[in-house]
>>> print(open('my_file_3.txt').read())   # compact mmCIF, C-alpha atoms
# COMPACT_ATOMS: atom_id res chain seq x y z
CA MET A 1 -197.78 -56.62 -4.21
CA SER A 2 -201.04 -56.37 -2.38
CA ASP A 3 -202.11 -59.51 -4.21
CA ALA A 4 -199.24 -61.50 -2.74
CA LYS A 5 -200.02 -60.21 0.74
CA ARG A 6 -203.64 -61.25 0.54
CA ARG A 7 -202.74 -64.83 -0.43
CA SER A 8 -202.97 -67.38 2.34
CA PRO A 9 -199.73 -68.80 3.77
CA ALA A 10 -200.61 -72.22 2.32
CA ALA A 11 -200.92 -70.82 -1.20
CA ARG A 12 -197.64 -68.96 -0.76
CA ARG A 13 -195.89 -72.15 0.34
CA LYS A 14 -197.26 -73.90 -2.75
CA LYS A 15 -195.88 -71.14 -4.95
CA VAL A 16 -192.48 -71.43 -3.23
CA ARG A 17 -192.44 -75.20 -3.70
CA LEU A 18 -193.43 -74.85 -7.36
CA THR A 19 -190.59 -72.37 -7.95
CA LEU A 20 -188.18 -74.63 -6.04
CA VAL A 21 -189.04 -77.73 -8.05
CA LEU A 22 -188.99 -75.89 -11.39
CA CYS A 23 -185.73 -74.04 -10.71
CA GLY A 24 -184.14 -77.14 -9.20
CA THR A 25 -184.99 -79.22 -12.26
CA LEU A 26 -183.79 -76.46 -14.60
CA PHE A 27 -180.46 -76.07 -12.77
CA LEU A 28 -180.02 -79.82 -12.69
CA ALA A 29 -180.76 -80.09 -16.42
CA ALA A 30 -178.28 -77.29 -17.17
CA ALA A 31 -175.62 -78.95 -14.99
CA THR A 32 -176.17 -82.29 -16.72
CA ALA A 33 -176.04 -80.71 -20.18
CA LEU A 34 -172.79 -78.90 -19.33
CA THR A 35 -171.23 -82.04 -17.86
CA LEU A 36 -172.19 -84.15 -20.84
CA SER A 37 -170.91 -81.64 -23.37
CA ALA A 38 -167.65 -81.39 -21.41
CA LEU A 39 -167.38 -85.17 -21.38
CA GLN A 40 -168.46 -85.55 -25.00
CA GLU A 41 -165.10 -87.06 -25.94
CA ASN A 42 -165.44 -89.70 -23.21
CA VAL A 43 -169.08 -90.43 -23.96
CA THR A 44 -168.35 -90.78 -27.66
CA PHE A 45 -168.48 -94.44 -28.53
CA PHE A 46 -166.21 -94.22 -31.55
CA PHE A 47 -164.06 -91.85 -33.57
CA GLY A 48 -164.31 -91.40 -37.34
CA PRO A 49 -161.47 -92.05 -39.80
CA THR A 50 -160.95 -88.30 -40.32
CA GLU A 51 -160.45 -87.75 -36.60
CA VAL A 52 -157.92 -90.59 -36.61
CA THR A 53 -155.90 -89.27 -39.57
CA GLU A 54 -155.96 -85.78 -38.05
CA GLY A 55 -154.59 -87.21 -34.81
CA LYS A 56 -157.57 -86.17 -32.69
CA VAL A 57 -157.69 -89.55 -30.95
CA PRO A 58 -156.20 -90.59 -27.59
CA GLN A 59 -152.57 -91.42 -28.30
CA GLY A 60 -151.35 -94.87 -27.33
CA ALA A 61 -154.73 -95.76 -25.86
CA THR A 62 -157.41 -98.23 -26.84
CA PHE A 63 -160.33 -96.57 -28.61
CA ARG A 64 -163.04 -97.35 -31.15
CA ILE A 65 -163.13 -96.36 -34.77
CA GLY A 66 -166.34 -96.33 -36.77
CA GLY A 67 -167.09 -96.00 -40.45
CA LEU A 68 -168.07 -97.88 -43.55
CA VAL A 69 -166.09 -100.85 -44.87
CA GLU A 70 -164.47 -99.56 -48.04
CA VAL A 71 -165.84 -101.53 -50.96
CA GLY A 72 -163.42 -104.22 -52.15
CA SER A 73 -160.82 -103.36 -49.51
CA CYS A 74 -161.00 -106.51 -47.41
CA HIS A 75 -158.29 -109.14 -47.79
CA ILE A 76 -157.20 -112.18 -45.84
CA ARG A 77 -153.47 -112.19 -45.14
CA GLU A 78 -151.13 -115.07 -45.89
CA ASP A 79 -151.57 -116.48 -42.36
CA GLY A 80 -155.18 -117.24 -43.31
CA VAL A 81 -156.59 -115.66 -40.15
CA THR A 82 -155.83 -111.96 -40.13
CA ARG A 83 -158.07 -109.78 -42.25
CA GLU A 84 -157.27 -106.28 -43.31
CA PHE A 85 -159.79 -103.78 -44.57
CA ARG A 86 -160.20 -100.04 -44.74
CA ILE A 87 -162.76 -98.10 -42.71
CA THR A 88 -163.85 -94.94 -44.51
CA ASP A 89 -166.14 -91.95 -43.93
CA GLY A 90 -166.06 -90.94 -47.58
CA SER A 91 -163.13 -88.54 -47.32
CA ASN A 92 -160.57 -90.38 -45.22
CA ALA A 93 -159.86 -94.07 -44.64
CA VAL A 94 -157.92 -96.04 -42.04
CA LEU A 95 -156.42 -99.48 -42.55
CA VAL A 96 -157.65 -101.99 -39.95
CA THR A 97 -156.26 -105.44 -39.20
CA TYR A 98 -158.31 -107.96 -37.28
CA ALA A 99 -157.81 -111.62 -36.42
CA GLY A 100 -161.15 -112.82 -35.14
CA LEU A 101 -164.72 -113.61 -36.00
CA LEU A 102 -166.50 -110.90 -37.95
CA PRO A 103 -170.20 -110.20 -37.28
CA SER A 104 -172.56 -111.67 -39.86
CA LEU A 105 -173.58 -108.22 -41.12
CA PHE A 106 -169.96 -107.44 -42.04
CA ARG A 107 -169.71 -106.73 -45.77
CA ASP A 108 -168.63 -104.11 -48.27
CA GLY A 109 -170.16 -100.75 -47.46
CA GLN A 110 -171.48 -101.85 -44.04
CA GLY A 111 -171.12 -99.56 -41.02
CA VAL A 112 -168.77 -101.15 -38.51
CA VAL A 113 -167.20 -100.15 -35.19
CA ALA A 114 -163.79 -101.61 -34.33
CA LEU A 115 -162.11 -101.57 -30.90
CA GLY A 116 -158.32 -101.51 -30.77
CA GLN A 117 -155.17 -99.41 -30.95
CA LEU A 118 -153.08 -97.69 -33.58
CA ASP A 119 -149.79 -99.53 -34.13
CA THR A 120 -146.49 -97.78 -33.43
CA GLY A 121 -146.25 -96.37 -36.94
CA HIS A 122 -149.74 -94.82 -36.55
CA SER A 123 -150.66 -96.20 -39.94
CA THR A 124 -152.66 -99.30 -39.06
CA PHE A 125 -155.43 -99.82 -36.53
CA VAL A 126 -155.05 -103.19 -34.83
CA ALA A 127 -158.57 -104.27 -33.83
CA LYS A 128 -159.44 -106.59 -30.96
CA GLU A 129 -163.17 -106.55 -31.67
CA VAL A 130 -165.30 -105.62 -34.68
CA LEU A 131 -169.03 -104.88 -34.32
CA ALA A 132 -171.54 -104.19 -37.07
CA LYS A 133 -173.51 -100.96 -36.81
CA HIS A 134 -177.08 -101.35 -37.88
CA ASP A 135 -178.56 -98.28 -39.53
CA GLU A 136 -182.12 -97.07 -39.04
CA THR A 137 -183.38 -98.34 -42.40
CA TYR A 138 -185.69 -101.34 -42.57
CA MET A 139 -186.77 -103.05 -45.76
CA PRO A 140 -188.62 -106.28 -46.52
CA THR A 141 -186.48 -108.96 -48.20
CA GLU A 142 -189.06 -109.32 -50.97
CA VAL A 143 -188.95 -105.62 -51.82
CA VAL A 144 -185.17 -105.76 -52.16
CA GLU A 145 -185.46 -108.82 -54.40
CA ALA A 146 -188.15 -107.20 -56.53
CA MET A 147 -186.08 -104.06 -56.88
CA LYS A 148 -183.10 -106.17 -57.95
CA ARG A 149 -185.20 -107.96 -60.57
CA ALA A 150 -186.41 -104.62 -61.87
CA GLY A 151 -182.86 -103.34 -61.87
CA THR A 152 -183.73 -100.42 -59.63
CA TRP A 153 -181.83 -101.61 -56.55
CA LYS A 154 -179.21 -99.01 -55.68
CA GLY A 155 -178.00 -100.82 -52.59
CA ASP A 156 -175.10 -103.11 -52.07
CA GLU A 157 -174.84 -106.11 -54.39
CA SER A 158 -173.28 -108.28 -51.69
CA VAL A 159 -176.69 -108.42 -49.98
CA ALA A 160 -177.69 -110.86 -52.70
CA GLU A 161 -174.59 -112.93 -51.98
CA ILE A 162 -175.45 -113.12 -48.27
CA GLU A 163 -178.85 -114.54 -49.10
CA ALA A 164 -177.40 -116.95 -51.68
CA SER A 165 -174.49 -118.34 -49.71
CA GLY A 166 -175.51 -117.73 -46.12
CA THR A 167 -172.17 -116.08 -45.47
CA SER A 168 -171.36 -112.42 -45.57
CA ASP A 169 -167.58 -112.59 -45.73
CA PRO A 170 -166.52 -110.21 -48.51
CA CYS A 171 -162.86 -110.91 -47.76
CA LYS A 172 -160.85 -112.73 -50.41
CA ALA A 173 -157.46 -114.30 -49.88
CA LYS A 174 -154.66 -112.11 -51.16
CA ALA A 175 -153.75 -113.17 -54.67
CA MET B 1 -209.23 -80.02 -12.60
CA HIS B 2 -208.79 -80.20 -8.82
CA ARG B 3 -211.89 -82.33 -8.64
CA PHE B 4 -209.85 -85.19 -10.15
CA ALA B 5 -207.07 -84.66 -7.62
CA ASN B 6 -209.43 -86.27 -5.13
CA PRO B 7 -208.44 -89.96 -5.28
CA SER B 8 -212.01 -91.28 -4.95
CA GLN B 9 -213.32 -89.01 -7.70
CA PHE B 10 -210.41 -90.00 -9.93
CA MET B 11 -210.92 -93.70 -9.27
CA ARG B 12 -214.64 -93.47 -10.09
CA VAL B 13 -213.78 -92.19 -13.58
CA ALA B 14 -210.87 -94.61 -13.97
CA GLU B 15 -212.94 -97.64 -12.92
CA ALA B 16 -215.65 -96.68 -15.41
CA MET B 17 -213.07 -96.52 -18.20
CA LEU B 18 -211.37 -99.78 -17.25
CA PRO B 19 -213.66 -102.24 -19.13
CA TRP B 20 -213.45 -100.06 -22.26
CA MET B 21 -209.68 -100.04 -22.08
CA VAL B 22 -209.60 -103.84 -21.73
CA ALA B 23 -211.98 -104.15 -24.70
CA LEU B 24 -209.63 -101.94 -26.71
CA CYS B 25 -206.38 -103.54 -25.58
CA ILE B 26 -207.17 -107.18 -26.42
CA PRO B 27 -207.89 -106.71 -30.16
CA LEU B 28 -205.01 -104.21 -30.50
CA MET B 29 -202.57 -106.60 -28.87
CA ALA B 30 -203.87 -109.59 -30.87
CA ALA B 31 -203.65 -107.71 -34.17
CA GLY B 32 -200.24 -106.31 -33.27
CA LEU B 33 -198.86 -109.76 -32.43
CA TYR B 34 -200.41 -111.31 -35.55
CA PHE B 35 -198.96 -108.68 -37.88
CA GLY B 36 -195.70 -108.54 -35.94
CA LEU B 37 -195.00 -112.27 -35.76
CA TRP B 38 -196.66 -113.62 -38.92
CA ALA B 39 -198.08 -111.15 -41.39
CA SER B 40 -195.07 -108.85 -41.75
CA PRO B 41 -191.98 -109.33 -43.92
CA ALA B 42 -188.49 -110.24 -42.75
CA ASP B 43 -185.89 -107.50 -43.02
CA TYR B 44 -183.27 -107.63 -45.79
CA GLN B 45 -180.41 -107.32 -43.29
CA GLN B 46 -181.71 -108.65 -39.98
CA SER B 47 -184.08 -111.27 -41.45
CA GLU B 48 -186.48 -112.55 -38.74
CA THR B 49 -184.81 -110.79 -35.79
CA VAL B 50 -186.52 -107.60 -36.98
CA ARG B 51 -189.62 -108.87 -35.14
CA ILE B 52 -187.91 -108.14 -31.82
CA MET B 53 -188.48 -104.48 -32.68
CA TYR B 54 -192.25 -104.88 -32.23
CA ILE B 55 -191.65 -105.60 -28.52
CA HIS B 56 -188.46 -103.62 -27.98
CA VAL B 57 -189.61 -100.23 -29.27
CA PRO B 58 -192.99 -100.14 -27.44
CA SER B 59 -191.26 -101.28 -24.21
CA ALA B 60 -188.69 -98.49 -24.50
CA PHE B 61 -191.46 -95.98 -25.26
CA LEU B 62 -193.59 -97.10 -22.31
CA ALA B 63 -190.64 -97.28 -19.88
CA GLN B 64 -189.93 -93.62 -20.60
CA GLY B 65 -193.64 -92.78 -20.61
CA ALA B 66 -194.06 -94.45 -17.22
CA TYR B 67 -191.10 -92.48 -15.88
CA ILE B 68 -192.62 -89.20 -17.07
CA VAL B 69 -195.94 -90.13 -15.41
CA MET B 70 -194.03 -91.02 -12.23
CA ALA B 71 -192.04 -87.76 -12.25
CA LEU B 72 -195.11 -85.59 -12.93
CA GLY B 73 -197.06 -87.37 -10.19
CA SER B 74 -194.15 -86.88 -7.80
CA ALA B 75 -193.81 -83.20 -8.74
CA SER B 76 -197.51 -82.55 -8.11
CA PHE B 77 -197.16 -84.37 -4.78
CA LEU B 78 -194.17 -82.23 -3.79
CA ILE B 79 -195.68 -78.93 -4.93
CA TRP B 80 -199.41 -79.20 -4.22
CA LYS B 81 -199.28 -82.15 -1.80
CA HIS B 82 -201.80 -83.99 -3.96
CA PRO B 83 -202.02 -87.46 -2.41
CA LEU B 84 -203.04 -88.76 -5.85
CA GLY B 85 -199.70 -87.68 -7.34
CA ASP B 86 -197.78 -89.89 -4.94
CA LEU B 87 -200.20 -92.79 -5.48
CA ILE B 88 -199.82 -92.53 -9.28
CA ALA B 89 -196.03 -92.41 -8.97
CA ARG B 90 -196.00 -95.46 -6.70
CA ALA B 91 -198.36 -97.28 -9.07
CA ALA B 92 -196.36 -96.44 -12.21
CA ALA B 93 -192.90 -97.29 -10.85
CA PRO B 94 -192.94 -101.13 -10.97
CA ILE B 95 -194.70 -101.13 -14.37
CA GLY B 96 -192.09 -98.82 -15.88
CA CYS B 97 -189.36 -100.86 -14.23
CA ILE B 98 -190.51 -104.04 -15.97
CA PHE B 99 -190.91 -102.26 -19.33
CA ALA B 100 -187.33 -100.97 -18.98
CA LEU B 101 -186.13 -104.49 -18.21
CA ILE B 102 -188.00 -105.93 -21.24
CA CYS B 103 -186.46 -103.20 -23.40
CA LEU B 104 -182.93 -103.99 -22.17
CA VAL B 105 -183.31 -107.77 -22.50
CA THR B 106 -184.90 -107.74 -25.97
CA GLY B 107 -182.35 -105.17 -27.16
CA SER B 108 -179.53 -107.34 -25.91
CA LEU B 109 -180.96 -110.44 -27.63
CA TRP B 110 -181.22 -108.42 -30.86
CA GLY B 111 -177.73 -106.99 -30.47
CA LYS B 112 -175.94 -110.33 -30.44
CA PRO B 113 -176.95 -111.46 -33.96
CA THR B 114 -176.97 -107.93 -35.42
CA TRP B 115 -174.02 -106.11 -33.86
CA GLY B 116 -172.09 -109.15 -32.67
CA THR B 117 -172.36 -108.32 -28.97
CA TYR B 118 -174.98 -108.47 -26.22
CA TRP B 119 -173.92 -105.23 -24.61
CA VAL B 120 -171.78 -102.16 -25.21
CA TRP B 121 -171.38 -99.11 -22.98
CA ASP B 122 -172.57 -96.56 -25.49
CA ALA B 123 -174.62 -93.50 -24.54
CA ARG B 124 -178.03 -94.94 -25.48
CA LEU B 125 -177.64 -98.32 -23.79
CA THR B 126 -176.06 -96.83 -20.68
CA SER B 127 -178.71 -94.12 -20.25
CA MET B 128 -181.44 -96.76 -20.64
CA LEU B 129 -179.75 -98.89 -17.95
CA ILE B 130 -179.68 -95.80 -15.71
CA LEU B 131 -183.44 -95.42 -16.25
CA PHE B 132 -183.90 -99.02 -15.06
CA PHE B 133 -181.76 -98.27 -11.98
CA LEU B 134 -183.77 -95.08 -11.30
CA PHE B 135 -186.95 -97.19 -11.19
CA LEU B 136 -185.25 -99.67 -8.84
CA GLY B 137 -183.93 -96.82 -6.69
CA TYR B 138 -187.39 -95.22 -6.49
CA LEU B 139 -189.00 -98.52 -5.46
CA ALA B 140 -186.32 -99.15 -2.83
CA LEU B 141 -186.54 -95.63 -1.42
CA ALA B 142 -190.35 -95.45 -1.43
CA ASN B 143 -190.58 -98.69 0.57
CA ALA B 144 -187.52 -98.26 2.79
CA PHE B 145 -189.37 -97.04 5.89
CA ASP B 146 -191.50 -98.88 8.45
CA ASP B 147 -194.03 -96.10 8.03
CA PRO B 148 -194.34 -96.04 4.21
CA ALA B 149 -195.60 -92.44 4.27
CA ARG B 150 -192.10 -91.34 5.36
CA GLY B 151 -190.72 -92.66 2.06
CA ASP B 152 -193.09 -90.51 -0.03
CA LYS B 153 -191.01 -87.34 -0.07
CA PRO B 154 -187.48 -88.69 -0.67
CA ALA B 155 -188.77 -91.03 -3.39
CA ALA B 156 -190.68 -88.16 -5.05
CA ILE B 157 -187.53 -86.01 -5.04
CA LEU B 158 -185.56 -88.86 -6.63
CA ALA B 159 -188.23 -89.25 -9.34
CA VAL B 160 -188.19 -85.51 -10.16
CA VAL B 161 -184.37 -85.36 -10.20
CA GLY B 162 -184.17 -88.41 -12.48
CA ILE B 163 -186.30 -86.74 -15.17
CA VAL B 164 -183.10 -85.22 -16.64
CA ASN B 165 -182.27 -88.74 -17.87
CA ILE B 166 -185.26 -88.84 -20.24
CA PRO B 167 -183.96 -86.27 -22.79
CA ILE B 168 -180.52 -87.87 -22.47
CA ILE B 169 -181.98 -91.22 -23.58
CA LYS B 170 -183.91 -89.60 -26.42
CA PHE B 171 -181.09 -87.45 -27.80
CA SER B 172 -178.13 -89.71 -26.96
CA VAL B 173 -178.12 -91.13 -30.49
CA TYR B 174 -177.96 -87.61 -31.98
CA PHE B 175 -175.47 -85.91 -29.64
CA PHE B 176 -172.99 -88.76 -29.34
CA ASN B 177 -171.59 -91.42 -31.61
CA THR B 178 -173.36 -94.56 -30.47
CA LEU B 179 -173.56 -98.13 -31.67
CA HIS B 180 -177.33 -97.92 -31.30
CA GLN B 181 -179.00 -96.64 -34.45
CA LYS B 182 -180.88 -93.37 -34.60
CA SER B 183 -184.65 -93.20 -34.37
CA THR B 184 -186.43 -94.66 -37.37
CA LEU B 185 -189.91 -93.39 -36.49
CA PHE B 186 -189.11 -89.81 -35.51
CA GLY B 187 -185.69 -89.56 -37.10
CA ASP B 188 -186.53 -86.89 -39.67
CA LEU B 189 -187.30 -84.45 -36.88
CA PHE B 190 -183.74 -84.40 -35.61
CA SER B 191 -181.30 -85.25 -38.37
CA SER B 192 -180.77 -84.00 -41.87
CA GLY B 193 -180.17 -86.49 -44.62
CA GLU B 194 -176.55 -85.45 -45.00
CA GLU B 195 -175.88 -86.12 -41.33
CA ALA B 196 -177.42 -89.55 -41.56
CA GLY B 197 -174.93 -90.41 -44.28
CA ALA B 198 -171.65 -89.90 -42.47
CA SER B 199 -172.09 -89.85 -38.71
CA GLY B 200 -175.02 -92.24 -38.74
CA LEU B 201 -172.87 -94.64 -40.72
CA GLN B 202 -175.65 -95.28 -43.15
CA GLN B 203 -174.58 -96.50 -46.54
CA PRO B 204 -175.40 -93.72 -49.00
CA ASP B 205 -176.71 -96.19 -51.57
CA ILE B 206 -178.95 -97.87 -48.99
CA ALA B 207 -180.26 -94.45 -47.98
CA ALA B 208 -181.06 -93.84 -51.65
CA ALA B 209 -182.85 -97.19 -51.84
CA ALA B 210 -184.81 -96.29 -48.70
CA ALA B 211 -185.77 -92.97 -50.25
CA GLN B 212 -186.96 -94.99 -53.23
CA GLN B 213 -189.28 -97.03 -51.03
CA GLY B 214 -190.56 -93.79 -49.51
CA SER B 215 -189.47 -94.12 -45.87
CA ALA B 216 -186.96 -95.78 -43.60
CA LEU B 217 -189.73 -98.05 -42.36
CA PRO B 218 -192.08 -99.61 -44.94
CA PRO B 219 -195.86 -99.63 -44.21
CA SER B 220 -195.84 -103.42 -43.75
CA MET B 221 -193.49 -102.98 -40.76
CA LEU B 222 -194.94 -99.67 -39.58
CA LEU B 223 -198.40 -101.21 -39.10
CA PRO B 224 -197.43 -103.87 -36.51
CA LEU B 225 -195.17 -101.36 -34.74
CA MET B 226 -197.98 -98.80 -34.43
CA LEU B 227 -200.46 -101.48 -33.33
CA MET B 228 -198.05 -102.69 -30.65
CA LEU B 229 -197.32 -99.12 -29.52
CA ALA B 230 -201.06 -98.49 -29.11
CA ALA B 231 -201.64 -101.87 -27.44
CA PHE B 232 -198.76 -101.38 -24.99
CA SER B 233 -199.97 -97.86 -24.16
CA VAL B 234 -203.50 -99.04 -23.33
CA PHE B 235 -202.03 -102.03 -21.46
CA PHE B 236 -199.96 -99.60 -19.39
CA LEU B 237 -203.07 -97.56 -18.51
CA ILE B 238 -204.93 -100.73 -17.49
CA LEU B 239 -202.07 -101.84 -15.24
CA LEU B 240 -201.85 -98.31 -13.83
CA VAL B 241 -205.53 -98.25 -12.85
CA LEU B 242 -205.31 -101.75 -11.34
CA ARG B 243 -202.20 -100.85 -9.34
CA LEU B 244 -203.74 -97.51 -8.32
CA ARG B 245 -206.70 -99.42 -6.91
CA GLY B 246 -204.30 -101.46 -4.80
CA GLU B 247 -202.27 -98.46 -3.65
CA LEU B 248 -205.45 -96.63 -2.66
CA ALA B 249 -206.74 -99.66 -0.72
CA THR B 250 -203.39 -99.93 1.08
CA VAL B 251 -203.52 -96.28 2.15
CA ARG B 252 -207.12 -96.61 3.38
CA LEU B 253 -206.27 -99.78 5.30
CA ARG B 254 -203.32 -98.05 6.92
CA ALA B 255 -205.54 -95.12 7.93
CA LEU B 256 -208.14 -97.51 9.37
CA ARG B 257 -205.48 -99.39 11.35
CA ALA B 258 -204.06 -96.12 12.67
CA GLY B 259 -207.58 -95.03 13.63
CA LEU B 260 -208.21 -98.31 15.47
CA ARG B 261 -204.93 -98.04 17.37
CA ALA B 262 -205.70 -94.45 18.34
CA GLY B 263 -209.23 -95.33 19.38
>>> encode(input="my_file_3.txt", output="C-alpha cells")
Amino acid sequence: MSDAKRRSPAARRKKVRLTLVLCGTLFLAAATALTLSALQENVTFFFGPTEVTEGKVPQGATFRIGGLVEVGSCHIREDGVTREFRITDGSNAVLVTYAGLLPSLFRDGQGVVALGQLDTGHSTFVAKEVLAKHDETYMPTEVVEAMKRAGTWKGDESVAEIEASGTSDPCKAKA
Amino acid sequence: MHRFANPSQFMRVAEAMLPWMVALCIPLMAAGLYFGLWASPADYQQSETVRIMYIHVPSAFLAQGAYIVMALGSASFLIWKHPLGDLIARAAAPIGCIFALICLVTGSLWGKPTWGTYWVWDARLTSMLILFFLFLGYLALANAFDDPARGDKPAAILAVVGIVNIPIIKFSVYFFNTLHQKSTLFGDLFSSGEEAGASGLQQPDIAAAAAQQGSALPPSMLLPLMLMLAAFSVFFLILLVLRLRGELATVRLRALRAGLRAG
C-alpha cells in the first residue's frame, strides 16, 4: 500500500500499461480460442469416414472426406474414366467415385482428401477433386530399397511399382 | 538490462558481433545448401521435391520468429516506451514478411506435385497467409503517416494483437484436420502414436517402417535441415542488425532536421 504510494507517477503508468497489454493479450487469446473451438466444424478441412457413416456431416452440401485408400479397393468403371475406391479410417469405409486426374501419390493405403457430395442414396461420395495427403514421415529411397532387399520393409508394396513404372495408378479395370 | 535499452549501447554490442555472425553464417549456409541440394537422399515418396523442405521449413520458422521479435519489441515500446523496441519491430517486419512469402511460395510449389494442388484453405495454410498479411498490415500502418513517429503506436498495437496468430499456426495441424502434415521435427511433443495413425492419415505400416528407421526424419535429411535452420537464424540476425542501423540513422536524421527547423 505505502509502496504503491511512494512510486512515481511514471512508474505507476508503466505498471498500468503492462497490466493493460498483458490482460488485453490474454483476453484476446481466450476470445480467439473460444471462437476457433466454436467454429471447429467449419475450420475442419475434412471429415473422416466414421463421421460420414454416422451422419455427422453437412447434409446435401459439398464437403471433404479424408482417409486412407482401402488396399485393393480401386476399380475403373466400364466407361473407362470413372474410378471408384473406398476411403477408410480402419473401422469404417466410404465408397468414392471420381472421374478426373488422380494425384501421383495416389495408391493403395495412401492418405487422400476428396472434395464432393454424398449422392441421394447417401451411399456413395461423388468426388470433384482428390488430393493426396502427405504424412510427416520422410525416408531416403535407398533405405526403402535396402529394406525391401532385406525383406524388412513393412510399408506398401506399391511404392516399388511407382518407382518401376513411373505411374502410381493402383486402379485396375473391372474384370 | 536497461543499459541495452539505450539504442547506442545496443548498437555498439550488435556492431561488434556483426562480423562474427557473418563469419558464422557463410559456412553454415554453404554447408546447408551443399547437403540440402546434393549430399542428401531423395525421399521415397516425394523424390527430389523433398529438397524444398530445406528452404520451406527454415523460412516458416524464421517468419514466426521474426513476428515474435516484432511483437515483443512492440510490447516493450508500448509498456516501457523503449525507443529500441519500436526500432527492432520496424527492423524485423520486412524481413519476416519476406520469410513468410518464401514459405508460402515454396510450400505452394511443393504442394502441386505432392498434394495435387497449389493451394487449399486449410487451417495451417490460411493462418500462415494471415501472418503474411499481418506483416503487410504492420508495414502499411507504421509508414502511413507524414510524421512516421505517429505510426509507432497503432503499428505496435497491431503487432501485439497479432501475436495470437502464432500459436494458431503452430497448433493448427493438431487441433484441426488439415491437408498440411503435422510437424516432423517436434511432432512427438504433441501427438501420440495412435493419434498419428488415424487422424494424421499416416499409413500404419509406413509408421512401423519409420519406427524401424528410428525417426520420422532420417539423420541424412535432419542434418541439412538443422544446418539451414541455423544458417537462416544467423542470417536473420545479420539482416536485423543491418536494418536496425538504418532505422536508427533515420530517426537521428529526423531529429537533426527537426532541430534545424526549430533553430
>>> residues_around(input="my_file_3.txt", residues="segment 19-29 of chain B", least_positions_apart="6", cutoff="10 Å", atoms="all atoms listed in the file", output="compact mmCIF listing (two decimals) with C-alpha atoms, in the coordinates of the input")
# COMPACT_ATOMS: atom_id res chain seq x y z
CA PHE B 35 -198.96 -108.68 -37.88
CA PRO B 224 -197.43 -103.87 -36.51
CA MET B 226 -197.98 -98.80 -34.43
CA LEU B 227 -200.46 -101.48 -33.33
CA MET B 228 -198.05 -102.69 -30.65
CA LEU B 229 -197.32 -99.12 -29.52
CA ALA B 230 -201.06 -98.49 -29.11
CA ALA B 231 -201.64 -101.87 -27.44
CA PHE B 232 -198.76 -101.38 -24.99
CA SER B 233 -199.97 -97.86 -24.16
CA VAL B 234 -203.50 -99.04 -23.33
CA PHE B 235 -202.03 -102.03 -21.46
CA PHE B 236 -199.96 -99.60 -19.39
CA LEU B 237 -203.07 -97.56 -18.51
CA ILE B 238 -204.93 -100.73 -17.49
>>> atom_distance(input="my_file_3.txt", atom1="atom CA of Val160 of chain B", atom2="atom CA of Cys103 of chain B")
22.2 Å
>>> atom_distance(input="my_file_3.txt", atom1="atom CA of Ala92 of chain B", atom2="atom CA of Asp146 of chain B")
21.4 Å
>>> interface_residues(input="my_file_3.txt", of="chain A", to="chain B", cutoff="6 Å", atoms="all atoms listed in the file", output="list in words")
Lys14, Arg17, Leu18, Ala29, Thr44, Phe45, Gly67, Pro103, Gly111, Leu131, Ala132, Lys133, Asp135, Glu136, Thr137, Tyr138, Met139, Pro140, Thr141, Lys154 and Gly155 of chain A
>>> residues_near_point(input="my_file_3.txt", point="(-162.5, -87.9, -36.0)", cutoff="12 Å", atoms="only C-alpha atoms", output="PyMOL selection string")
(chain A and resi 41+44-58+63-67+88-89+91-94) or (chain B and resi 177+198-199)
>>> write_last_selection(input="my_file_3.txt", atoms="C-alpha atoms", output="mmCIF file, in the coordinates of the input")
data_model
loop_
_atom_site.group_PDB
_atom_site.id
_atom_site.type_symbol
_atom_site.label_atom_id
_atom_site.label_comp_id
_atom_site.auth_asym_id
_atom_site.auth_seq_id
_atom_site.Cartn_x
_atom_site.Cartn_y
_atom_site.Cartn_z
ATOM 1 C CA GLU A 41 -165.100 -87.060 -25.940
ATOM 2 C CA THR A 44 -168.350 -90.780 -27.660
ATOM 3 C CA PHE A 45 -168.480 -94.440 -28.530
ATOM 4 C CA PHE A 46 -166.210 -94.220 -31.550
ATOM 5 C CA PHE A 47 -164.060 -91.850 -33.570
ATOM 6 C CA GLY A 48 -164.310 -91.400 -37.340
ATOM 7 C CA PRO A 49 -161.470 -92.050 -39.800
ATOM 8 C CA THR A 50 -160.950 -88.300 -40.320
ATOM 9 C CA GLU A 51 -160.450 -87.750 -36.600
ATOM 10 C CA VAL A 52 -157.920 -90.590 -36.610
ATOM 11 C CA THR A 53 -155.900 -89.270 -39.570
ATOM 12 C CA GLU A 54 -155.960 -85.780 -38.050
ATOM 13 C CA GLY A 55 -154.590 -87.210 -34.810
ATOM 14 C CA LYS A 56 -157.570 -86.170 -32.690
ATOM 15 C CA VAL A 57 -157.690 -89.550 -30.950
ATOM 16 C CA PRO A 58 -156.200 -90.590 -27.590
ATOM 17 C CA PHE A 63 -160.330 -96.570 -28.610
ATOM 18 C CA ARG A 64 -163.040 -97.350 -31.150
ATOM 19 C CA ILE A 65 -163.130 -96.360 -34.770
ATOM 20 C CA GLY A 66 -166.340 -96.330 -36.770
ATOM 21 C CA GLY A 67 -167.090 -96.000 -40.450
ATOM 22 C CA THR A 88 -163.850 -94.940 -44.510
ATOM 23 C CA ASP A 89 -166.140 -91.950 -43.930
ATOM 24 C CA SER A 91 -163.130 -88.540 -47.320
ATOM 25 C CA ASN A 92 -160.570 -90.380 -45.220
ATOM 26 C CA ALA A 93 -159.860 -94.070 -44.640
ATOM 27 C CA VAL A 94 -157.920 -96.040 -42.040
ATOM 28 C CA ASN B 177 -171.590 -91.420 -31.610
ATOM 29 C CA ALA B 198 -171.650 -89.900 -42.470
ATOM 30 C CA SER B 199 -172.090 -89.850 -38.710
#
>>> atom_distance(input="my_file_3.txt", atom1="atom CA of Thr126 of chain B", atom2="atom CA of Met70 of chain B")
20.7 Å
>>> residues_around(input="my_file_3.txt", residues="Ile88 of chain B", least_positions_apart="4", cutoff="12 Å", atoms="all atoms listed in the file", output="number ranges by chain")
B: 5, 7, 10-11, 66-77, 82-84, 92-96, 152, 156, 237, 239-248
